[in-house]
Amino acid sequence: MLADAATDSGGTRSGGTATATPQAVSTATSVVPVAPLLPVAPTGFAARCTRVLLSPWSRLSLLLVLLAGAASTVLLFHPQRLLSDGWPPQLTGAMAALVFAAAYGLCSVAFVPRPLLNLAAGALFGSQLGTASALAGTVLGAGISFGLGRVLGQDALRPLLRGRWLKAADGQLSKHAFRSMMAARLFPGLPFWGVNYCAAVSRMRWMPFLLATALGSLPNTAAYVVAGARASSPTSPAFLIAMACIALPALGGAVVAWRKRHHLRPQ
């Protein structure tokens with residue numbers, strides 16, 4: 001009886017091995033709460049340099065340096081010589097058009113006037129292939145400019161949008177992205193690179209920007225390409241129609257801007 005009582009009070013014996021009760025285990029192995037580890041911000045000279053280099057104004061400075069370098073490169077190499085010297089003879093057909101589209105995009109980022117590039121596309125590849133190559137280069141250049149402006153310039157420039165007209169223009173671009181970009185592309189008086197970077201600073205998304213750029217730039221691009229392809233016969237109907245199509249988008253863009261002018265009024 002005494003053995004049974006000792007066994008019941010301290011645990012159970014089975015083959016000479018004692019097993020502790022759950023109450024004893026929980027008492028002996030009580031869990032001690034551990035405070036969560038908080039991330040420690042890196043300190044030191046390297047960390048300060050990293051924060052400075054990744055700051056909005058440092059990225060904006062990098063963007064300005066890249067654009068200045070691109071413009072300087074254009075001034076040194078004179079890509080407009082394509083109109084007089086022609087395309088390298090080892091590049092022909094579709095491969096030449098693809099290379100031209102890539103060069104077109106980079107040159108448009110470097111502030112080369114698009115009408116000059118469109119005329120070169122028509123003179124080198126004709127109306128159809130030249131239009132396709134020039135339009136692809138237009139979208140590529142717009143996408144590169146938009147990406148550079150969004151990554152390197154948006155954080156630094158958005159706090160500067162304090163004026164009423166600047167806020168109204170930003171709201172128009174952000175809320176009515178596709179329609180605003182279509183009007184901007186149809187109106188040839190607006191600089192191509194300026195529209196790209198203004199759109200990048202706004203909250204416009206990628207897809208409306210690229211789609212509106214492709215559709216809105218098509219009439220003007222095709223007109224210049226056809227004019228370049230038929231420049232040798234300036235009295236031909238195709239050349240005259242192309243020149244008329246260069247003027248019509250300007251008129252259409254002006255009408256759209258006039259009708260939508262109330263959207264730019266500050267609320």
# chains A, B, ... in the order shown; residues from 1 in each chain; ligands from 1
>>> closest_atom_pairs(of="stretch 79-152 of chain A", to="stretch 200-212 of chain A", cutoff="10 Å", atoms="only C-alpha atoms", output="JSON lines")
{"residue": "A:Thr138", "atom": "CA", "partner": "A:Leu210", "partner_atom": "CA", "distance": 9.7}
{"residue": "A:Val139", "atom": "CA", "partner": "A:Leu210", "partner_atom": "CA", "distance": 6.5}
{"residue": "A:Leu140", "atom": "CA", "partner": "A:Leu210", "partner_atom": "CA", "distance": 8.9}
{"residue": "A:Ala142", "atom": "CA", "partner": "A:Leu210", "partner_atom": "CA", "distance": 7.5}
{"residue": "A:Gly143", "atom": "CA", "partner": "A:Leu210", "partner_atom": "CA", "distance": 6.9}
{"residue": "A:Ser145", "atom": "CA", "partner": "A:Ala200", "partner_atom": "CA", "distance": 8.0}
{"residue": "A:Phe146", "atom": "CA", "partner": "A:Ala200", "partner_atom": "CA", "distance": 5.0}
{"residue": "A:Gly147", "atom": "CA", "partner": "A:Ala200", "partner_atom": "CA", "distance": 7.2}
{"residue": "A:Leu148", "atom": "CA", "partner": "A:Ala200", "partner_atom": "CA", "distance": 8.1}
{"residue": "A:Gly149", "atom": "CA", "partner": "A:Ala200", "partner_atom": "CA", "distance": 5.2}
{"residue": "A:Arg150", "atom": "CA", "partner": "A:Ala200", "partner_atom": "CA", "distance": 4.8}
{"residue": "A:Val151", "atom": "CA", "partner": "A:Ala200", "partner_atom": "CA", "distance": 8.6}
{"residue": "A:Leu152", "atom": "CA", "partner": "A:Ala200", "partner_atom": "CA", "distance": 9.7}
>>> closest_atom_pairs(of="stretch 53-153 of chain A", to="stretch 230-237 of chain A", cutoff="9 Å", atoms="only C-alpha atoms", output="Markdown table")
| residue | atom | partner | partner_atom | distance |
| --- | --- | --- | --- | --- |
| A:Leu119 | CA | A:Ala231 | CA | 8.8 |
| A:Gly122 | CA | A:Arg230 | CA | 8.0 |
| A:Ala123 | CA | A:Arg230 | CA | 7.8 |
| A:Gly126 | CA | A:Arg230 | CA | 8.4 |
| A:Ser127 | CA | A:Arg230 | CA | 8.5 |
>>> write_last_selection(atoms="all heavy atoms", output="CSV table (one decimal), in the first residue's frame")
chain,number,residue,atom,x,y,z
A,119,LEU,N,12.3,60.7,-91.3
A,119,LEU,CA,12.7,60.9,-92.7
A,119,LEU,C,13.8,60.0,-93.1
A,119,LEU,O,13.8,59.4,-94.2
A,119,LEU,CB,13.2,62.4,-92.9
A,119,LEU,CG,12.1,63.5,-92.8
A,119,LEU,CD1,12.8,64.9,-92.8
A,119,LEU,CD2,11.1,63.4,-93.9
A,122,GLY,N,12.3,56.5,-93.8
A,122,GLY,CA,11.7,56.4,-95.1
A,122,GLY,C,12.7,56.4,-96.2
A,122,GLY,O,12.5,55.6,-97.2
A,123,ALA,N,13.7,57.2,-96.1
A,123,ALA,CA,14.7,57.2,-97.1
A,123,ALA,C,15.5,55.8,-97.2
A,123,ALA,O,15.9,55.4,-98.3
A,123,ALA,CB,15.7,58.3,-96.9
A,126,GLY,N,12.0,52.6,-97.2
A,126,GLY,CA,10.7,52.8,-97.9
A,126,GLY,C,9.6,53.0,-96.9
A,126,GLY,O,9.8,53.2,-95.7
A,127,SER,N,8.4,53.1,-97.4
A,127,SER,CA,7.2,53.5,-96.6
A,127,SER,C,6.8,52.4,-95.6
A,127,SER,O,6.7,52.8,-94.4
A,127,SER,CB,6.0,53.8,-97.6
A,127,SER,OG,6.3,54.8,-98.5
>>> atom_distance(atom1="atom CA of A:Ala242", atom2="atom CA of A:Gly141")
23.5 Å
>>> atom_distance(atom1="atom CA of A:Asp155", atom2="atom CA of A:Trp57")
8.2 Å
>>> residues_around(residues="A:Thr221", least_positions_apart="2", cutoff="8 Å", atoms="only C-alpha atoms", output="VMD selection string")
chain A and resid 115 118 131 134 to 135 217 to 219 223 to 225
